[in-house]
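Text of the file target_39.pdb, holding PDB, C-alpha atoms:
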```
ATOM      1  CA  MET R1415     -27.768   0.912 -32.201  1.00  0.00           C
ATOM      2  CA  LEU R1416     -25.655   2.035 -35.160  1.00  0.00           C
ATOM      3  CA  LEU R1417     -24.400   5.041 -33.213  1.00  0.00           C
ATOM      4  CA  GLU R1418     -23.448   2.789 -30.296  1.00  0.00           C
ATOM      5  CA  ARG R1419     -21.440   0.495 -32.608  1.00  0.00           C
ATOM      6  CA  GLN R1420     -19.711   3.471 -34.202  1.00  0.00           C
ATOM      7  CA  SER R1421     -18.879   4.850 -30.760  1.00  0.00           C
ATOM      8  CA  ARG R1422     -17.374   1.513 -29.669  1.00  0.00           C
ATOM      9  CA  MET R1423     -15.344   1.292 -32.876  1.00  0.00           C
ATOM     10  CA  LEU R1424     -14.074   4.860 -32.425  1.00  0.00           C
ATOM     11  CA  ASN R1425     -13.049   4.094 -28.837  1.00  0.00           C
ATOM     12  CA  ARG R1426     -11.117   1.025 -29.975  1.00  0.00           C
ATOM     13  CA  ILE R1427      -9.336   3.022 -32.687  1.00  0.00           C
ATOM     14  CA  ILE R1428      -8.388   5.727 -30.164  1.00  0.00           C
ATOM     15  CA  LEU R1429      -7.118   3.062 -27.731  1.00  0.00           C
ATOM     16  CA  LEU R1430      -5.021   1.428 -30.460  1.00  0.00           C
ATOM     17  CA  LEU R1431      -3.603   4.807 -31.508  1.00  0.00           C
ATOM     18  CA  SER R1432      -2.683   5.659 -27.909  1.00  0.00           C
ATOM     19  CA  ILE R1433      -0.799   2.346 -27.558  1.00  0.00           C
ATOM     20  CA  LEU R1434       1.027   2.888 -30.856  1.00  0.00           C
ATOM     21  CA  VAL R1435       1.977   6.469 -29.933  1.00  0.00           C
ATOM     22  CA  PHE R1436       3.237   5.316 -26.528  1.00  0.00           C
ATOM     23  CA  LEU R1437       5.322   2.502 -28.036  1.00  0.00           C
ATOM     24  CA  GLY R1438       6.657   4.834 -30.718  1.00  0.00           C
ATOM     25  CA  ALA R1439       7.695   7.460 -28.171  1.00  0.00           C
ATOM     26  CA  TRP R1440       9.311   4.740 -26.047  1.00  0.00           C
ATOM     27  CA  GLN R1441      11.245   3.470 -29.084  1.00  0.00           C
ATOM     28  CA  VAL R1442      12.507   6.959 -29.935  1.00  0.00           C
ATOM     29  CA  ILE R1443      13.622   7.629 -26.343  1.00  0.00           C
ATOM     30  CA  SER R1444      15.389   4.245 -26.153  1.00  0.00           C
ATOM     31  CA  MET R1445      17.453   5.185 -29.235  1.00  0.00           C
ATOM     32  CA  THR R1446      19.169   7.951 -27.225  1.00  0.00           C
ATOM     33  CA  ASP R1447      21.438   5.236 -25.744  1.00  0.00           C
ATOM     34  CA  LEU R1448      20.354   5.860 -22.153  1.00  0.00           C
ATOM     35  CA  PRO R1449      21.400   2.658 -20.342  1.00  0.00           C
ATOM     36  CA  PHE R1450      18.338   2.558 -18.111  1.00  0.00           C
ATOM     37  CA  ILE R1451      15.763   2.805 -20.947  1.00  0.00           C
ATOM     38  CA  PRO R1452      15.698  -0.419 -22.989  1.00  0.00           C
ATOM     39  CA  SER R1453      13.821  -0.630 -26.257  1.00  0.00           C
ATOM     40  CA  PRO R1454      10.294  -2.078 -26.377  1.00  0.00           C
ATOM     41  CA  GLN R1455      11.670  -5.026 -28.395  1.00  0.00           C
ATOM     42  CA  ASP R1456      14.106  -5.909 -25.600  1.00  0.00           C
ATOM     43  CA  VAL R1457      11.408  -5.788 -22.945  1.00  0.00           C
ATOM     44  CA  PHE R1458       8.786  -7.750 -24.874  1.00  0.00           C
ATOM     45  CA  THR R1459      11.415 -10.291 -25.927  1.00  0.00           C
ATOM     46  CA  VAL R1460      11.992 -10.965 -22.231  1.00  0.00           C
ATOM     47  CA  ILE R1461       8.249 -11.326 -21.586  1.00  0.00           C
ATOM     48  CA  PHE R1462       7.332 -13.532 -24.535  1.00  0.00           C
ATOM     49  CA  PHE R1463      10.389 -15.407 -25.777  1.00  0.00           C
ATOM     50  CA  PHE R1464      12.612 -16.276 -22.826  1.00  0.00           C
ATOM     51  CA  ASN R1465      12.067 -18.654 -19.904  1.00  0.00           C
ATOM     52  CA  PHE R1466      10.735 -15.690 -17.973  1.00  0.00           C
ATOM     53  CA  TRP R1467       7.390 -16.878 -16.662  1.00  0.00           C
ATOM     54  CA  SER R1468       8.765 -20.024 -15.063  1.00  0.00           C
ATOM     55  CA  ASP R1469      11.168 -17.760 -13.168  1.00  0.00           C
ATOM     56  CA  ILE R1470       8.579 -15.259 -11.906  1.00  0.00           C
ATOM     57  CA  ALA R1471       5.546 -17.574 -11.559  1.00  0.00           C
ATOM     58  CA  PRO R1472       6.070 -18.088  -7.783  1.00  0.00           C
ATOM     59  CA  ASP R1473       6.449 -14.323  -7.363  1.00  0.00           C
ATOM     60  CA  PHE R1474       3.335 -13.622  -9.442  1.00  0.00           C
ATOM     61  CA  PHE R1475       1.164 -15.972  -7.398  1.00  0.00           C
ATOM     62  CA  ALA R1476       2.669 -14.732  -4.110  1.00  0.00           C
ATOM     63  CA  THR R1477       1.687 -11.160  -5.010  1.00  0.00           C
ATOM     64  CA  LEU R1478      -1.742 -12.297  -6.198  1.00  0.00           C
ATOM     65  CA  PHE R1479      -2.351 -14.190  -2.947  1.00  0.00           C
ATOM     66  CA  ARG R1480      -1.332 -11.213  -0.788  1.00  0.00           C
ATOM     67  CA  PHE R1481      -3.482  -8.904  -2.901  1.00  0.00           C
ATOM     68  CA  PHE R1482      -6.657 -11.004  -2.692  1.00  0.00           C
ATOM     69  CA  ALA R1483      -6.187 -11.689   1.036  1.00  0.00           C
ATOM     70  CA  ALA R1484      -5.896  -7.957   1.768  1.00  0.00           C
ATOM     71  CA  PHE R1485      -8.507  -6.876  -0.780  1.00  0.00           C
ATOM     72  CA  ILE R1486     -11.196  -9.264   0.455  1.00  0.00           C
ATOM     73  CA  GLY R1487     -10.333  -8.497   4.080  1.00  0.00           C
ATOM     74  CA  ALA R1488     -10.662  -4.737   3.477  1.00  0.00           C
ATOM     75  CA  ILE R1489     -14.104  -5.177   1.895  1.00  0.00           C
ATOM     76  CA  ILE R1490     -15.360  -7.567   4.602  1.00  0.00           C
ATOM     77  CA  LEU R1491     -14.240  -5.138   7.307  1.00  0.00           C
ATOM     78  CA  GLY R1492     -14.859  -1.793   5.631  1.00  0.00           C
ATOM     79  CA  VAL R1493     -18.328  -2.206   4.093  1.00  0.00           C
ATOM     80  CA  PRO R1494     -20.280  -3.334   7.205  1.00  0.00           C
ATOM     81  CA  LEU R1495     -18.497  -0.786   9.408  1.00  0.00           C
ATOM     82  CA  GLY R1496     -19.154   1.926   6.827  1.00  0.00           C
ATOM     83  CA  LEU R1497     -22.847   1.031   6.612  1.00  0.00           C
ATOM     84  CA  LEU R1498     -23.272   1.126  10.388  1.00  0.00           C
ATOM     85  CA  THR R1499     -21.207   4.298  10.806  1.00  0.00           C
ATOM     86  CA  GLY R1500     -23.101   6.085   8.061  1.00  0.00           C
ATOM     87  CA  TYR R1501     -26.472   4.981   9.411  1.00  0.00           C
ATOM     88  CA  PHE R1502     -25.908   5.914  13.072  1.00  0.00           C
ATOM     89  CA  TYR R1503     -25.006   9.597  13.246  1.00  0.00           C
ATOM     90  CA  PRO R1504     -23.505   9.532  16.798  1.00  0.00           C
ATOM     91  CA  LEU R1505     -21.192   6.681  15.744  1.00  0.00           C
ATOM     92  CA  TYR R1506     -20.237   8.649  12.637  1.00  0.00           C
ATOM     93  CA  LYS R1507     -19.264  11.715  14.674  1.00  0.00           C
ATOM     94  CA  PHE R1508     -17.394   9.533  17.182  1.00  0.00           C
ATOM     95  CA  LEU R1509     -15.280   7.826  14.480  1.00  0.00           C
ATOM     96  CA  GLU R1510     -14.895  10.755  12.067  1.00  0.00           C
ATOM     97  CA  LEU R1511     -11.631  12.079  13.540  1.00  0.00           C
ATOM     98  CA  PRO R1512      -9.831   8.692  13.930  1.00  0.00           C
ATOM     99  CA  ILE R1513     -10.828   7.663  10.389  1.00  0.00           C
ATOM    100  CA  ASP R1514      -9.635  10.944   8.866  1.00  0.00           C
ATOM    101  CA  PHE R1515      -6.405  10.852  10.892  1.00  0.00           C
ATOM    102  CA  PHE R1516      -5.337   7.308  10.030  1.00  0.00           C
ATOM    103  CA  ARG R1517      -6.458   7.696   6.411  1.00  0.00           C
ATOM    104  CA  ALA R1518      -3.974  10.571   6.107  1.00  0.00           C
ATOM    105  CA  VAL R1519      -1.067   8.468   7.419  1.00  0.00           C
ATOM    106  CA  PRO R1520       0.787   6.581   4.631  1.00  0.00           C
ATOM    107  CA  ALA R1521       0.484   2.816   5.037  1.00  0.00           C
ATOM    108  CA  THR R1522       4.249   2.353   4.701  1.00  0.00           C
ATOM    109  CA  ALA R1523       4.792   4.705   7.661  1.00  0.00           C
ATOM    110  CA  LEU R1524       2.729   2.375   9.844  1.00  0.00           C
ATOM    111  CA  PHE R1525       4.605  -0.774   8.854  1.00  0.00           C
ATOM    112  CA  PRO R1526       7.276  -0.528  11.598  1.00  0.00           C
ATOM    113  CA  LEU R1527       4.477  -0.400  14.169  1.00  0.00           C
ATOM    114  CA  PHE R1528       2.691  -3.419  12.684  1.00  0.00           C
ATOM    115  CA  MET R1529       6.051  -5.206  12.440  1.00  0.00           C
ATOM    116  CA  LEU R1530       6.646  -4.694  16.172  1.00  0.00           C
ATOM    117  CA  PHE R1531       3.249  -6.142  17.062  1.00  0.00           C
ATOM    118  CA  PHE R1532       2.845  -8.885  14.441  1.00  0.00           C
ATOM    119  CA  GLY R1533       6.344  -9.690  13.138  1.00  0.00           C
ATOM    120  CA  ILE R1534       7.958  -9.214   9.725  1.00  0.00           C
ATOM    121  CA  GLY R1535       6.058 -11.929   7.808  1.00  0.00           C
ATOM    122  CA  ASP R1536       3.096 -11.816   5.465  1.00  0.00           C
ATOM    123  CA  PHE R1537       0.609 -11.635   8.326  1.00  0.00           C
ATOM    124  CA  SER R1538       1.693  -8.168   9.451  1.00  0.00           C
ATOM    125  CA  LYS R1539       1.815  -6.901   5.847  1.00  0.00           C
ATOM    126  CA  THR R1540      -1.669  -8.221   5.121  1.00  0.00           C
ATOM    127  CA  LEU R1541      -3.062  -6.707   8.319  1.00  0.00           C
ATOM    128  CA  LEU R1542      -1.524  -3.339   7.454  1.00  0.00           C
ATOM    129  CA  ILE R1543      -3.064  -3.336   3.971  1.00  0.00           C
ATOM    130  CA  ILE R1544      -6.449  -4.422   5.355  1.00  0.00           C
ATOM    131  CA  PHE R1545      -6.297  -1.636   7.950  1.00  0.00           C
ATOM    132  CA  SER R1546      -5.364   1.093   5.454  1.00  0.00           C
ATOM    133  CA  CYS R1547      -7.731  -0.020   2.684  1.00  0.00           C
ATOM    134  CA  SER R1548     -10.676  -0.685   5.008  1.00  0.00           C
ATOM    135  CA  LEU R1549     -10.549   3.008   5.977  1.00  0.00           C
ATOM    136  CA  ILE R1550     -10.906   3.953   2.295  1.00  0.00           C
ATOM    137  CA  MET R1551     -13.748   1.455   1.990  1.00  0.00           C
ATOM    138  CA  MET R1552     -15.456   2.889   5.074  1.00  0.00           C
ATOM    139  CA  ILE R1553     -15.253   6.463   3.812  1.00  0.00           C
ATOM    140  CA  HIS R1554     -16.906   5.636   0.482  1.00  0.00           C
ATOM    141  CA  THR R1555     -19.574   3.490   2.138  1.00  0.00           C
ATOM    142  CA  ILE R1556     -20.335   6.195   4.705  1.00  0.00           C
ATOM    143  CA  SER R1557     -20.624   8.736   1.894  1.00  0.00           C
ATOM    144  CA  GLY R1558     -23.039   6.462   0.014  1.00  0.00           C
ATOM    145  CA  VAL R1559     -25.235   5.998   3.089  1.00  0.00           C
ATOM    146  CA  ARG R1560     -25.270   9.647   4.136  1.00  0.00           C
ATOM    147  CA  HIS R1561     -25.920  10.989   0.631  1.00  0.00           C
ATOM    148  CA  GLY R1562     -28.694   8.558  -0.254  1.00  0.00           C
ATOM    149  CA  VAL R1563     -32.016   9.892  -1.531  1.00  0.00           C
ATOM    150  CA  LEU R1564     -34.107  10.843   1.515  1.00  0.00           C
ATOM    151  CA  LEU R1565     -37.325  10.723  -0.518  1.00  0.00           C
ATOM    152  CA  ARG R1566     -36.939   6.976  -1.098  1.00  0.00           C
ATOM    153  CA  ARG R1567     -36.487   6.343   2.614  1.00  0.00           C
ATOM    154  CA  MET R1568     -39.579   8.416   3.421  1.00  0.00           C
ATOM    155  CA  ALA R1569     -41.594   6.592   0.758  1.00  0.00           C
ATOM    156  CA  ALA R1570     -40.542   3.199   2.150  1.00  0.00           C
ATOM    157  CA  LYS R1571     -41.461   4.305   5.674  1.00  0.00           C
ATOM    158  CA  THR R1572     -44.848   5.563   4.459  1.00  0.00           C
ATOM    159  CA  MET R1573     -45.529   2.149   2.887  1.00  0.00           C
ATOM    160  CA  GLY R1574     -44.965   0.462   6.243  1.00  0.00           C
ATOM    161  CA  ALA R1575     -41.361  -0.709   5.951  1.00  0.00           C
ATOM    162  CA  ASN R1576     -39.556  -1.174   9.258  1.00  0.00           C
ATOM    163  CA  LYS R1577     -36.016   0.074   9.986  1.00  0.00           C
ATOM    164  CA  LEU R1578     -34.346  -3.183   8.983  1.00  0.00           C
ATOM    165  CA  GLN R1579     -36.239  -3.262   5.675  1.00  0.00           C
ATOM    166  CA  ILE R1580     -35.397   0.379   4.952  1.00  0.00           C
ATOM    167  CA  PHE R1581     -31.739  -0.318   5.749  1.00  0.00           C
ATOM    168  CA  SER R1582     -31.456  -3.477   3.632  1.00  0.00           C
ATOM    169  CA  LYS R1583     -33.769  -2.574   0.732  1.00  0.00           C
ATOM    170  CA  VAL R1584     -33.241   1.199   0.362  1.00  0.00           C
ATOM    171  CA  ILE R1585     -30.146   2.511   2.155  1.00  0.00           C
ATOM    172  CA  PHE R1586     -27.849  -0.334   1.097  1.00  0.00           C
ATOM    173  CA  PHE R1587     -28.799  -0.047  -2.577  1.00  0.00           C
ATOM    174  CA  ASP R1588     -28.490   3.752  -2.448  1.00  0.00           C
ATOM    175  CA  ALA R1589     -24.959   3.296  -1.117  1.00  0.00           C
ATOM    176  CA  LEU R1590     -23.989   0.584  -3.626  1.00  0.00           C
ATOM    177  CA  PRO R1591     -22.603   2.911  -6.363  1.00  0.00           C
ATOM    178  CA  GLN R1592     -20.291   4.577  -3.831  1.00  0.00           C
ATOM    179  CA  ILE R1593     -19.337   1.164  -2.431  1.00  0.00           C
ATOM    180  CA  PHE R1594     -18.225   0.030  -5.888  1.00  0.00           C
ATOM    181  CA  THR R1595     -16.279   3.261  -6.358  1.00  0.00           C
ATOM    182  CA  GLY R1596     -14.520   2.485  -3.095  1.00  0.00           C
ATOM    183  CA  ILE R1597     -13.841  -1.096  -4.202  1.00  0.00           C
ATOM    184  CA  LYS R1598     -12.116   0.091  -7.390  1.00  0.00           C
ATOM    185  CA  ILE R1599      -9.951   2.558  -5.452  1.00  0.00           C
ATOM    186  CA  VAL R1600      -9.119  -0.085  -2.845  1.00  0.00           C
ATOM    187  CA  LEU R1601      -8.198  -2.531  -5.616  1.00  0.00           C
ATOM    188  CA  SER R1602      -5.522  -0.220  -7.019  1.00  0.00           C
ATOM    189  CA  THR R1603      -4.351   0.843  -3.563  1.00  0.00           C
ATOM    190  CA  CYS R1604      -3.967  -2.787  -2.456  1.00  0.00           C
ATOM    191  CA  ILE R1605      -1.737  -3.623  -5.406  1.00  0.00           C
ATOM    192  CA  ILE R1606       0.383  -0.510  -4.844  1.00  0.00           C
ATOM    193  CA  ILE R1607       0.960  -1.235  -1.152  1.00  0.00           C
ATOM    194  CA  VAL R1608       1.585  -4.953  -1.728  1.00  0.00           C
ATOM    195  CA  VAL R1609       4.259  -4.260  -4.359  1.00  0.00           C
ATOM    196  CA  VAL R1610       5.919  -1.509  -2.286  1.00  0.00           C
ATOM    197  CA  LEU R1611       6.097  -3.703   0.821  1.00  0.00           C
ATOM    198  CA  GLU R1612       7.527  -6.562  -1.229  1.00  0.00           C
ATOM    199  CA  MET R1613      10.249  -4.260  -2.537  1.00  0.00           C
ATOM    200  CA  PHE R1614      11.626  -2.916   0.678  1.00  0.00           C
ATOM    201  CA  VAL R1615      10.644  -5.174   3.552  1.00  0.00           C
ATOM    202  CA  GLY R1616      12.361  -8.552   3.264  1.00  0.00           C
ATOM    203  CA  SER R1617       9.838 -10.619   1.306  1.00  0.00           C
ATOM    204  CA  LYS R1618      10.947 -14.047   0.094  1.00  0.00           C
ATOM    205  CA  ALA R1619       8.809 -13.832  -3.060  1.00  0.00           C
ATOM    206  CA  GLY R1620       6.652 -11.311  -4.917  1.00  0.00           C
ATOM    207  CA  LEU R1621       6.634  -9.104  -7.999  1.00  0.00           C
ATOM    208  CA  GLY R1622       7.844  -6.135  -5.942  1.00  0.00           C
ATOM    209  CA  LYS R1623      10.835  -8.155  -4.720  1.00  0.00           C
ATOM    210  CA  LYS R1624      11.545  -9.242  -8.295  1.00  0.00           C
ATOM    211  CA  ILE R1625      11.540  -5.617  -9.508  1.00  0.00           C
ATOM    212  CA  TYR R1626      13.985  -4.662  -6.770  1.00  0.00           C
ATOM    213  CA  ASP R1627      16.215  -7.706  -7.387  1.00  0.00           C
ATOM    214  CA  PHE R1628      16.434  -6.949 -11.120  1.00  0.00           C
ATOM    215  CA  HIS R1629      17.212  -3.328 -10.250  1.00  0.00           C
ATOM    216  CA  LEU R1630      20.060  -4.362  -7.931  1.00  0.00           C
ATOM    217  CA  THR R1631      21.569  -6.716 -10.545  1.00  0.00           C
ATOM    218  CA  TYR R1632      21.065  -4.105 -13.303  1.00  0.00           C
ATOM    219  CA  ARG R1633      18.911  -6.414 -15.440  1.00  0.00           C
ATOM    220  CA  ILE R1634      16.965  -3.453 -16.753  1.00  0.00           C
ATOM    221  CA  PRO R1635      14.777  -5.146 -19.436  1.00  0.00           C
ATOM    222  CA  TYR R1636      13.710  -7.729 -16.835  1.00  0.00           C
ATOM    223  CA  MET R1637      12.849  -4.964 -14.379  1.00  0.00           C
ATOM    224  CA  TYR R1638      10.701  -3.215 -16.991  1.00  0.00           C
ATOM    225  CA  SER R1639       9.023  -6.517 -17.850  1.00  0.00           C
ATOM    226  CA  VAL R1640       7.875  -7.092 -14.281  1.00  0.00           C
ATOM    227  CA  ILE R1641       6.674  -3.478 -14.029  1.00  0.00           C
ATOM    228  CA  ILE R1642       4.567  -4.037 -17.162  1.00  0.00           C
ATOM    229  CA  ILE R1643       3.167  -7.263 -15.682  1.00  0.00           C
ATOM    230  CA  VAL R1644       2.151  -5.414 -12.494  1.00  0.00           C
ATOM    231  CA  GLY R1645       0.490  -2.704 -14.583  1.00  0.00           C
ATOM    232  CA  CYS R1646      -1.380  -5.251 -16.723  1.00  0.00           C
ATOM    233  CA  LEU R1647      -2.536  -7.130 -13.625  1.00  0.00           C
ATOM    234  CA  SER R1648      -3.919  -3.944 -12.074  1.00  0.00           C
ATOM    235  CA  TYR R1649      -5.530  -2.852 -15.356  1.00  0.00           C
ATOM    236  CA  PHE R1650      -7.319  -6.146 -16.009  1.00  0.00           C
ATOM    237  CA  LEU R1651      -8.555  -6.417 -12.414  1.00  0.00           C
ATOM    238  CA  ASN R1652      -9.939  -2.876 -12.683  1.00  0.00           C
ATOM    239  CA  ARG R1653     -11.648  -3.716 -15.974  1.00  0.00           C
ATOM    240  CA  LEU R1654     -13.113  -6.863 -14.431  1.00  0.00           C
ATOM    241  CA  PHE R1655     -14.639  -4.944 -11.538  1.00  0.00           C
ATOM    242  CA  ALA R1656     -15.886  -2.205 -13.869  1.00  0.00           C
ATOM    243  CA  LEU R1657     -17.833  -4.893 -15.795  1.00  0.00           C
ATOM    244  CA  LEU R1658     -19.110  -6.342 -12.512  1.00  0.00           C
ATOM    245  CA  GLU R1659     -20.232  -2.869 -11.445  1.00  0.00           C
ATOM    246  CA  LYS R1660     -22.267  -2.469 -14.652  1.00  0.00           C
ATOM    247  CA  LYS R1661     -24.023  -5.773 -13.950  1.00  0.00           C
ATOM    248  CA  VAL R1662     -24.700  -5.144 -10.246  1.00  0.00           C
ATOM    249  CA  VAL R1663     -25.348  -1.376 -10.219  1.00  0.00           C
ATOM    250  CA  HIS R1664     -27.249  -1.495 -13.506  1.00  0.00           C
ATOM    251  CA  TRP R1665     -29.522   1.415 -12.570  1.00  0.00           C
ATOM    252  CA  GLN R1666     -26.671   3.922 -12.127  1.00  0.00           C
ATOM    253  CA  GLY R1667     -26.896   6.808 -14.569  1.00  0.00           C
ATOM    254  CA  LYS R1668     -30.480   6.008 -15.540  1.00  0.00           C
ATOM    255  CA  ALA R1669     -33.334   8.404 -14.957  1.00  0.00           C
ATOM    256  CA  GLY R1670     -35.756   7.732 -12.127  1.00  0.00           C
TER
END
```

Rewritten as structure tokens:
Amino acid sequence: MLLERQSRMLNRIILLLSILVFLGAWQVISMTDLPFIPSPQDVFTVIFFFNFWSDIAPDFFATLFRFFAAFIGAIILGVPLGLLTGYFYPLYKFLELPIDFFRAVPATALFPLFMLFFGIGDFSKTLLIIFSCSLIMMIHTISGVRHGVLLRRMAAKTMGANKLQIFSKVIFFDALPQIFTGIKIVLSTCIIIVVVLEMFVGSKAGLGKKIYDFHLTYRIPYMYSVIIIVGCLSYFLNRLFALLEKKVVHWQGKAG
């Protein structure tokens, strides 16, 4: 118990040192008078002391809405399809090439195609993100199903479990660690694609649009501020799902 507390304290000290070193390096670089690198004080003054949040609140919630719509859609579509594809080998072989092909195509390269079919609004952007991220979700789920422990399946079958019971009680829980790995990757990927699409494809609101607008008007500290907000949003969502993973997949890393 004492060692665990000491380890946590050491991790916090290292984290604090890394933040201080980063801010110090940023401060030194900003003193070189480069016009596109403001000082940390300028950026954090914008975030904390000016009427900044009232200005970007609609953009923040627009990005958050697009993110959750795409993120939840990718999980709802990708996990069941991944479970079925991983479980049925002929279906896996049938879909292996299309999944690998479309996974290799950047989502932004597909946007003109989605725009032709579904228009330029949020619907087409959300569908594109769901499509791209559901493929990532499928791949991790398939991997979890196909690399599950065969011995557990055989033991369940020996004890009289039917196929549905084996699938729901053994295979699904074997795949759960990989599913959560996929969820964390999809989370970051969703935010990246949402912000990129907001920047370059005529959105009316969004953090990506705000970054691009501040760039065009050369309001550099404001641009950096929104970038930091996007980074913090992604970081805290990742931390939240890491805590959820520890609660749900509590057996991961334990013997037996």

- Task: Return as a PyMOL selection string the set of residues that the PyMOL selection byres ((chain R and resi 1586) around 12) yields on the displayed structure.
- Result: chain R and resi 1493-1494+1496-1498+1500-1501+1555-1563+1566-1567+1578-1585+1587-1594+1663

- Polymer residues at most 7 Å from region 1608-1624 of chain R, all atoms listed in the file, same-chain spacing of 2 or more positions, as a list of chain:residue names: R:Pro1472, R:Asp1473, R:Phe1474, R:Ala1476, R:Thr1477, R:Arg1480, R:Phe1481, R:Cys1604, R:Ile1605, R:Ile1606, R:Tyr1626, R:Asp1627, R:Phe1628, R:Val1640

- Message: I need the residue nearest Leu1527 (chain R) from this list: R:Phe1475, R:Val1644, R:Leu1541, R:Asp1514. Use only C-alpha atoms for the distance.
- Response: R:Leu1541

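From CA of Phe1436 (chain R) back to CA of Ser1453 (chain R), the distance works out to 12.1 Å.
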
- Message: For the provided coordinates, the residues matched by the PyMOL selection byres ((chain R and resi 1490) around 12) should be stated as number ranges by chain.
- Response: R: 1482-1489, 1491-1497, 1544-1545, 1547-1549, 1551-1552, 1593, 1597

- Message: Report, in Å with one decimal, the straight-line distance from CA of Val1600 (chain R) to CA of Ala1521 (chain R).
- Response: 12.8 Å

- Out of R:Leu1434, R:Val1460, R:Met1445, R:Ile1543, which residue has the shortest atom-to-atom distance to Thr1603 (chain R) when counting all atoms listed in the file? R:Ile1543

- Query: Of the candidates R:Leu1448, R:Ile1641, R:Leu1601, R:Ile1625, which one gets nearest to Phe1655 (chain R) if we count all atoms listed in the file?
  - Reply: R:Leu1601
